[in-house]
Structures are given as C-alpha cells and as structure tokens.
Amino acid sequence: MTVLVTGGAGYIGSHMVLALRDAGEPVVVLDNLSTGFREAVPADVPLVIGDVGDNALLMRTLGQHGIDAVAHFAARIVAPESVRDPLGYYAANTLRTHGLLETLVAANVKRFIFSSTAAVYGMAPPTPTPESAPCDPASPYGASKAMSERILRDVGAAYGMSYVVLRYFNVAGADAAMRAGQRSPAASNLITLAVRAALGIGPKLQIMGTDLPTPDGTGVRDYIHVSDLADAHVAALRHLREDRGSLTLNCGYGHGYSVREVVDAVNRVTGKPLPVVEGPRREGDPYVSIADATLIRAKLGWKPSRDNIDLVVDHALRWERMLRGERMPMIEKRRA
Ligand SMILES: NC(=O)c1ccc[n+]([C@@H]2O[C@H](COP(=O)([O-])OP(=O)(O)OC[C@H]3O[C@@H](n4cnc5c(N)ncnc54)[C@H](O)[C@@H]3O)[C@@H](O)[C@H]2O)c1
Ligand SMILES: O=c1ccn([C@@H]2O[C@H](COP(=O)(O)OP(=O)(O)O[C@H]3O[C@H](CO)[C@H](O)[C@H](O)[C@H]3O)[C@@H](O)[C@H]2O)c(=O)[nH]1
C-alpha cells in the first residue's frame with residue numbers, strides 16, 4: 001500500500017513525504033517541478049516528473065507502485081495571481097483535480113486527501129471559523145479549491161471514494177531537522193518574508209495595514225507549523241484506511257497572531273529588532289483569519305506539538321540560514 005503525493009516536491013508536500021517516510025509508509029511523488037524542487041524529494045523516494053493532468057502517466061504510476069491513497073497537493077497557490085489569470089487557476093486546480101479523480105475512479109483508488117484552504121471562506125467569516133461557515137471565496141484561487149471540494153463530495157457519494165479535505169490556515173516553519181522547508185524565492189507569506197528580511201536576504205518587511213479593526217491595527221492569522229500540518233495528513237490517512245468516512249476539516253491552532261506579534265517573535269528569536277516599514281492595507285486581505293480547530297482534534301485525534309510562534313519562526317529562520325549554506329541538510333541529496 002503506497003501513497004501517491006502530488007506536489008510532493010513543493011513546500012508542504014515535501015513535509016508530507018517526510019512524515020509518511022518517518023511513519024514507515026511507502027510513498028511516491030508526482031510533480032511537474034513548476035514551483036517544486038527535485039532536491040526537496042529524498043533520494044530514496046521515487047519521483048515521477050510529470051503533470052497531474054497526464055492521465056496516461058497517472059494510470060501507469062498507480063499501477064506500477066500499487067497506490068491505495070492519494071494526497072493531492074499539486075496546485076497553483078497565489079491568490080492575487082488567480083485574479084489576473086482565473087482561467088489558468090481553474091484549469092490548474094479545478095480541472096486537474098477533476099481529471100485526477102476521474103483516473104482514480106477508473107483505477108479503483110478510493111482514498112483521497114485534498115489540500116484546501118481557509119481562502120474558501122472569503123473575506124469576513126465568523127471568527128474563529130467553523131467548517132460549517134458558508135464558503136464565499138474572494139478570489140478565483142479560493143473558488144478553484146471550493147469547486148474541487150464540491151466535485152470531491154459528489155465523487156465520494158457516487159463512486160464510494162472516501163476523502164479528507166483539509167482546509168489549511170496560514171502554514172509556516174520548516175522541518176526541525178532541516179530536511180525540508182520553503183525553497184521558493186517567490187514565497188510571499190509573512191513569516192518567510194520576515195525571516196528573510198531579518199537575515200538581510202530580502203527587502204525590509206512592510207506591514208500591510210496598521211489601521212485594521214484588530215487589537216493593534218494589523219492583520220491577524222492562525223499560523224500552523226508545517227510539520228503539525230503534515231502530521232494531520234498522516235492522521236487523515238490512518239482515518240481513511242480504517243474506513244471511518246469522509247471529512248472536511250480546518251487545519252489551524254484556533255488562535256492567531258497579529259503582524260506586529262509576528263515581528264515581536266522574530267525580534268525575540270534573532271535577538272535584534274527587525275526594521276519594518278508601515279504600508280497601506282493589501283486589497284482583498286481579510287482582517288482576521290482564525291480556525292475553529294475543534295473538529296480535527298475530535299475526528300482525527302490530532303494533537304499538534306509545535307503550537308509556539310517562536311518555534312515556528314525559529315525553524316523558518318534556521319531553514320533560511322541552512323539554504324544559504326550555513327548548515328548542511330540532513331537528508332542525502334538527490335542527484336540532479
Ligand atoms: N502555503 C500555504 O500557506 C497554503 C495554504 C493553504 C493551502 N495550501 C495548499 O497546499 C498545497 C501545497 O502548497 P505549497 O505551499 O506547498 O505550494 P508549492 O508551490 O510549494 O507546491 C506545489 C507543488 O505542486 C507542483 N505542481 C503544481 N502544479 C502541478 C501539476 N499540474 N502537476 C504536477 N505537479 C504540480 C509544484 O511543482 C510544487 O512542487 C496547494 O494545494 C495549496 O493550494 C497552501
Ligand atoms: O509582506 C507582508 C506580507 C503579509 N503581511 C500580512 O501578514 C498577514 C498574513 O499574510 P500572508 O500573505 O502570509 O497570508 P494570507 O493570510 O494573505 O494568505 C495565506 O493563507 C490563506 C489561507 O487563509 C491562503 O491559503 C493563501 O493562499 C495564503 O497565502 C496578512 O495580514 C498580511 O496583510 C504583511 O503585513 N506584510
């Protein structure tokens with residue numbers, strides 16, 4: 001029984017590959033390396049380079065490796081870009097998920113874990129946000145995921161596929177042993193930008209809005225450590241293998257930090273003040289995004305062990321240093 005991880009050469013998928021490998025689960029990665037990195041996949045994990053939309057390749061991969069479950073991470077993920085290129089996003093995310101599900105139904109693969117996002121809830125959901133809150137995505141990116149969720153629900157009902165949809169809040173940090181982390185130079189999430197600024201390898205951090213209706217005027221987010229998120233996927237896999245039914249679950253800690261609180265954490269971890277520039281609000285940014293994270297604990301027995309903003313920042317910072325050659329990674333490097 002092998003797990004296929006689409007997008008396993010990307011930031012979150014590579015942590016899932018490590019979590020599965022650490023749990024002794026055979027795993028295969030399918031990735032087109034559009035935003036992923038060959039070296040993010042450990043040398044002893046088969047890497048199939050190709051597009052998730054290539055049905056013939058998928059069918060071959062499923063058969064060759066005896067796949068019984070798929071964790072589908074492969075996607076385009078930049079919400080503002082999706083506003084400029086909605087057709088590209090619906091094709092990359094919704095249509096490719098449809099095609100993947102079609103192939104899995106034909107191949108009789110009946111376990112599916114889907115990477116969804118808090119962006120399905122839109123601009124002003126109740127906070128903390130339960131899974132039952134209405135989906136009202138503000139961007140084509142969020143809509144492409146919400147549509148995929150809907151397709152999955154119908155496929156599950158019609159063809160007996162069991163699935164776990166995981167709606168991630170704000171993912172951050174890196175593997176504690178520095179085997180994986182955010183490799184993309186284009187990453188635009190707050191914690192990556194803050195630690196890169198602290199190390200002088202990125203521009204000064206701009207606080208996007210200081211007059212929001214939040215306690216200190218800056219945006220509040222529920223930051224989840226990427227390895228806790230990977231553990232949630234492993235728990236989801238166990239749930240599916242035990243035939244305990246389909247689920248849609250938030251992935252977050254259930255509490256949030258403002259941008260200023262994240263900057264404070266960076267200051268504590270580095271021991272020196274991070275210079276920041278105060279700028280205007282970013283269009284389309286929710287003020288607050290916090291998960292109601294009760295259901296995932298109840299349904300999967302998931303217990304995060306890294307719910308500590310200083311730890312999240314420390315791992316992100318150490319990873320950036322390591323990437324710049326200050327420390328060697330602890331996994332054997334895949335030969336290019
Ligand atoms: N990063 C976040 O904060 C966040 C938040 C919510 C949800 N998500 C979801 O998590 C998933 C992973 O995100 P990430 O941050 O690791 O992004 P990423 O860009 O690092 O990883 C995506 C991976 O998928 C691959 N890929 C993309 N399109 C493909 C295709 N058509 N065929 C094969 N491979 C393809 C890329 O090469 C890359 O390795 C995505 O589905 C994203 O929507 C991410
Ligand atoms: O340079 C920056 C970058 C971000 N922020 C602020 O930091 C907070 C977090 O912003 P991110 O860009 O890190 O994350 P978002 O909440 O905007 O979005 C992320 O989480 C969403 C889920 O809620 C989606 O999945 C989305 O794709 C993913 O990037 C926001 O208040 C934002 O305004 C800044 O002040 N300066």
# chains A, B, ... in the order shown; residues from 1 in each chain; ligands from 1

$ residues_near_ligand --ligand "ligand 1" --cutoff "8 Å" --atoms "only C-alpha atoms and all ligand atoms" --output "VMD selection string"
chain A and resid 6 to 14 30 to 37 49 to 53 72 to 77 92 to 93 96 114 to 119 141 145 167 to 172 182 to 184 189

$ write_last_selection --atoms "C-alpha atoms" --output "tab-separated table (two decimals), in the first residue's frame"
chain	number	residue	atom	x	y	z
A	6	THR	CA	1.11	15.01	-5.95
A	7	GLY	CA	3.11	18.19	-5.48
A	8	GLY	CA	5.50	16.36	-3.16
A	9	ALA	CA	8.44	18.47	-4.35
A	10	GLY	CA	6.74	21.60	-3.02
A	11	TYR	CA	6.84	23.24	0.38
A	12	ILE	CA	4.04	21.42	2.21
A	13	GLY	CA	4.09	18.24	0.10
A	14	SER	CA	7.78	17.67	0.91
A	30	LEU	CA	4.32	13.06	-8.82
A	31	ASP	CA	5.40	16.62	-9.52
A	32	ASN	CA	5.97	18.72	-12.64
A	33	LEU	CA	8.54	20.86	-10.81
A	34	SER	CA	6.74	24.05	-11.89
A	35	THR	CA	7.25	25.54	-8.41
A	36	GLY	CA	8.75	22.48	-6.71
A	37	PHE	CA	12.34	21.33	-6.38
A	49	ILE	CA	8.29	14.10	-13.06
A	50	GLY	CA	5.11	14.95	-14.89
A	51	ASP	CA	1.80	16.74	-14.81
A	52	VAL	CA	-1.09	15.65	-12.65
A	53	GLY	CA	-3.24	16.23	-15.75
A	72	HIS	CA	-3.21	15.90	-3.68
A	73	PHE	CA	-1.08	18.98	-3.02
A	74	ALA	CA	-0.24	19.96	-6.62
A	75	ALA	CA	-1.80	23.33	-7.39
A	76	ARG	CA	-1.19	26.93	-8.26
A	77	ILE	CA	-1.37	28.81	-4.99
A	92	ALA	CA	-4.61	24.07	-12.87
A	93	ASN	CA	-6.66	23.45	-9.75
A	96	ARG	CA	-6.80	18.93	-12.87
A	114	PHE	CA	-7.16	17.12	-0.54
A	115	SER	CA	-5.21	20.32	0.18
A	116	SER	CA	-7.80	23.03	0.55
A	117	THR	CA	-7.52	26.44	2.11
A	118	ALA	CA	-9.10	28.91	4.51
A	119	ALA	CA	-9.46	31.08	1.39
A	141	TYR	CA	-7.85	30.63	-6.16
A	145	LYS	CA	-10.47	24.95	-4.28
A	167	ARG	CA	-8.52	23.48	4.86
A	168	TYR	CA	-5.17	24.97	5.81
A	169	PHE	CA	-4.94	28.32	7.55
A	170	ASN	CA	-1.51	30.02	7.42
A	171	VAL	CA	1.27	27.48	7.00
A	172	ALA	CA	4.75	28.37	8.23
A	182	GLN	CA	10.23	26.77	1.96
A	183	ARG	CA	12.60	26.82	-1.05
A	184	SER	CA	10.71	29.18	-3.35
A	189	ASN	CA	3.93	34.67	3.10

$ residues_near_ligand --ligand "ligand 2" --cutoff "7 Å" --atoms "only C-alpha atoms and all ligand atoms" --output "number ranges by chain"
A: 77-79, 117-119, 168-170, 188-191, 193, 205-209, 218-221, 259, 281-282, 285, 287, 289

$ select_by_dssp --residues "segment 57-259 of chain A" --states "helix (DSSP H, G or I)" --output "PyMOL selection string"
chain A and resi 57-65+79-84+86-106+118-121+140-159+190-198+226-241+259

$ write_last_selection --atoms "C-alpha atoms" --output "PDB file, in the first residue's frame"
ATOM      1  CA  LEU A  57       1.196   8.805 -16.757  1.00  0.00           C
ATOM      2  CA  LEU A  58      -1.064   8.731 -13.719  1.00  0.00           C
ATOM      3  CA  MET A  59      -2.541   5.375 -14.676  1.00  0.00           C
ATOM      4  CA  ARG A  60       0.966   3.922 -15.174  1.00  0.00           C
ATOM      5  CA  THR A  61       2.166   5.341 -11.855  1.00  0.00           C
ATOM      6  CA  LEU A  62      -0.852   3.995  -9.952  1.00  0.00           C
ATOM      7  CA  GLY A  63      -0.330   0.518 -11.395  1.00  0.00           C
ATOM      8  CA  GLN A  64       3.462   0.377 -11.083  1.00  0.00           C
ATOM      9  CA  HIS A  65       3.530   1.429  -7.437  1.00  0.00           C
ATOM     10  CA  ALA A  79      -4.430  34.260  -4.743  1.00  0.00           C
ATOM     11  CA  PRO A  80      -3.633  37.687  -6.341  1.00  0.00           C
ATOM     12  CA  GLU A  81      -2.229  35.945  -9.426  1.00  0.00           C
ATOM     13  CA  SER A  82      -5.502  33.995  -9.687  1.00  0.00           C
ATOM     14  CA  VAL A  83      -7.402  37.288 -10.003  1.00  0.00           C
ATOM     15  CA  ARG A  84      -5.350  38.111 -13.100  1.00  0.00           C
ATOM     16  CA  PRO A  86      -8.703  32.903 -13.394  1.00  0.00           C
ATOM     17  CA  LEU A  87      -8.856  30.547 -16.373  1.00  0.00           C
ATOM     18  CA  GLY A  88      -5.332  29.355 -15.637  1.00  0.00           C
ATOM     19  CA  TYR A  89      -6.222  28.748 -11.980  1.00  0.00           C
ATOM     20  CA  TYR A  90      -9.458  26.900 -12.682  1.00  0.00           C
ATOM     21  CA  ALA A  91      -7.572  24.732 -15.175  1.00  0.00           C
ATOM     22  CA  ALA A  92      -4.613  24.072 -12.870  1.00  0.00           C
ATOM     23  CA  ASN A  93      -6.659  23.451  -9.751  1.00  0.00           C
ATOM     24  CA  THR A  94     -10.275  22.533 -10.502  1.00  0.00           C
ATOM     25  CA  LEU A  95      -9.937  20.808 -13.887  1.00  0.00           C
ATOM     26  CA  ARG A  96      -6.798  18.929 -12.872  1.00  0.00           C
ATOM     27  CA  THR A  97      -8.467  17.727  -9.683  1.00  0.00           C
ATOM     28  CA  HIS A  98     -11.447  16.581 -11.772  1.00  0.00           C
ATOM     29  CA  GLY A  99      -9.115  14.710 -14.140  1.00  0.00           C
ATOM     30  CA  LEU A 100      -7.196  13.157 -11.280  1.00  0.00           C
ATOM     31  CA  LEU A 101     -10.410  11.963  -9.625  1.00  0.00           C
ATOM     32  CA  GLU A 102     -11.637  10.532 -12.924  1.00  0.00           C
ATOM     33  CA  THR A 103      -8.450   8.482 -13.246  1.00  0.00           C
ATOM     34  CA  LEU A 104      -8.620   7.355  -9.614  1.00  0.00           C
ATOM     35  CA  VAL A 105     -12.223   6.194 -10.059  1.00  0.00           C
ATOM     36  CA  ALA A 106     -11.203   4.253 -13.184  1.00  0.00           C
ATOM     37  CA  ALA A 118      -9.104  28.912   4.508  1.00  0.00           C
ATOM     38  CA  ALA A 119      -9.458  31.080   1.393  1.00  0.00           C
ATOM     39  CA  VAL A 120     -12.678  29.140   0.644  1.00  0.00           C
ATOM     40  CA  TYR A 121     -14.376  31.112   3.463  1.00  0.00           C
ATOM     41  CA  PRO A 140     -10.523  32.548  -8.132  1.00  0.00           C
ATOM     42  CA  TYR A 141      -7.853  30.633  -6.161  1.00  0.00           C
ATOM     43  CA  GLY A 142     -10.261  30.122  -3.239  1.00  0.00           C
ATOM     44  CA  ALA A 143     -13.094  29.364  -5.667  1.00  0.00           C
ATOM     45  CA  SER A 144     -10.962  26.822  -7.558  1.00  0.00           C
ATOM     46  CA  LYS A 145     -10.475  24.952  -4.280  1.00  0.00           C
ATOM     47  CA  ALA A 146     -14.122  25.282  -3.204  1.00  0.00           C
ATOM     48  CA  MET A 147     -15.215  23.861  -6.580  1.00  0.00           C
ATOM     49  CA  SER A 148     -12.750  20.997  -6.225  1.00  0.00           C
ATOM     50  CA  GLU A 149     -14.189  20.258  -2.776  1.00  0.00           C
ATOM     51  CA  ARG A 150     -17.668  20.119  -4.288  1.00  0.00           C
ATOM     52  CA  ILE A 151     -16.565  17.775  -7.075  1.00  0.00           C
ATOM     53  CA  LEU A 152     -14.905  15.574  -4.494  1.00  0.00           C
ATOM     54  CA  ARG A 153     -18.039  15.456  -2.375  1.00  0.00           C
ATOM     55  CA  ASP A 154     -20.124  14.313  -5.359  1.00  0.00           C
ATOM     56  CA  VAL A 155     -17.485  11.804  -6.468  1.00  0.00           C
ATOM     57  CA  GLY A 156     -17.344  10.413  -2.941  1.00  0.00           C
ATOM     58  CA  ALA A 157     -21.105   9.939  -2.862  1.00  0.00           C
ATOM     59  CA  ALA A 158     -21.375   8.443  -6.354  1.00  0.00           C
ATOM     60  CA  TYR A 159     -18.340   6.168  -6.532  1.00  0.00           C
ATOM     61  CA  LEU A 190       4.576  36.861   6.121  1.00  0.00           C
ATOM     62  CA  ILE A 191       6.880  34.636   8.188  1.00  0.00           C
ATOM     63  CA  THR A 192       9.150  33.770   5.250  1.00  0.00           C
ATOM     64  CA  LEU A 193       9.398  37.436   4.251  1.00  0.00           C
ATOM     65  CA  ALA A 194      10.067  38.460   7.861  1.00  0.00           C
ATOM     66  CA  VAL A 195      12.906  35.984   8.431  1.00  0.00           C
ATOM     67  CA  ARG A 196      14.448  36.756   5.035  1.00  0.00           C
ATOM     68  CA  ALA A 197      14.351  40.464   5.941  1.00  0.00           C
ATOM     69  CA  ALA A 198      15.908  39.686   9.341  1.00  0.00           C
ATOM     70  CA  VAL A 226       4.085  22.831   8.513  1.00  0.00           C
ATOM     71  CA  SER A 227       5.138  19.635  10.351  1.00  0.00           C
ATOM     72  CA  ASP A 228       1.995  19.681  12.517  1.00  0.00           C
ATOM     73  CA  LEU A 229       0.081  20.032   9.254  1.00  0.00           C
ATOM     74  CA  ALA A 230       1.925  17.057   7.763  1.00  0.00           C
ATOM     75  CA  ASP A 231       1.072  15.040  10.892  1.00  0.00           C
ATOM     76  CA  ALA A 232      -2.606  15.931  10.337  1.00  0.00           C
ATOM     77  CA  HIS A 233      -2.347  14.370   6.872  1.00  0.00           C
ATOM     78  CA  VAL A 234      -0.855  11.184   8.282  1.00  0.00           C
ATOM     79  CA  ALA A 235      -3.727  11.053  10.791  1.00  0.00           C
ATOM     80  CA  ALA A 236      -6.160  11.596   7.888  1.00  0.00           C
ATOM     81  CA  LEU A 237      -4.595   8.678   6.028  1.00  0.00           C
ATOM     82  CA  ARG A 238      -4.996   6.445   9.078  1.00  0.00           C
ATOM     83  CA  HIS A 239      -8.647   7.566   9.334  1.00  0.00           C
ATOM     84  CA  LEU A 240      -9.280   6.644   5.690  1.00  0.00           C
ATOM     85  CA  ARG A 241      -7.543   3.281   5.977  1.00  0.00           C
ATOM     86  CA  VAL A 259       1.613  41.050  12.093  1.00  0.00           C
TER      87      VAL A 259
END

$ closest_residue --among "A:Leu317, A:Ser305, A:Asp85, A:Cys251" --to "Arg268 of chain A" --atoms "only C-alpha atoms"
A:Leu317

$ residues_around --residues "segment 17-27 of chain A" --least-positions-apart "2" --cutoff "6 Å" --atoms "only C-alpha atoms" --output "PyMOL selection string"
chain A and resi 2-4+14-15

$ write_last_selection --atoms "N, CA and C atoms" --output "PDB file, in the first residue's frame"
ATOM      1  N   THR A   2       0.841   1.958  -1.113  1.00  0.00           N
ATOM      2  CA  THR A   2       1.732   3.114  -1.283  1.00  0.00           C
ATOM      3  C   THR A   2       0.881   4.362  -1.443  1.00  0.00           C
ATOM      4  N   VAL A   3       1.391   5.475  -0.921  1.00  0.00           N
ATOM      5  CA  VAL A   3       0.679   6.745  -1.037  1.00  0.00           C
ATOM      6  C   VAL A   3       1.304   7.555  -2.161  1.00  0.00           C
ATOM      7  N   LEU A   4       0.474   8.050  -3.060  1.00  0.00           N
ATOM      8  CA  LEU A   4       0.944   8.979  -4.087  1.00  0.00           C
ATOM      9  C   LEU A   4       0.766  10.398  -3.568  1.00  0.00           C
ATOM     10  N   SER A  14       6.496  18.292   0.527  1.00  0.00           N
ATOM     11  CA  SER A  14       7.779  17.666   0.908  1.00  0.00           C
ATOM     12  C   SER A  14       7.783  17.314   2.397  1.00  0.00           C
ATOM     13  N   HIS A  15       7.076  18.080   3.208  1.00  0.00           N
ATOM     14  CA  HIS A  15       6.954  17.717   4.633  1.00  0.00           C
ATOM     15  C   HIS A  15       6.052  16.497   4.807  1.00  0.00           C
TER      16      HIS A  15
END

$ select_by_dssp --residues "segment 276-328 of chain A" --states "strand (DSSP E)" --output "list in words"
Val276, Val277, Glu278, Gly279, Val288 and Ser289 of chain A
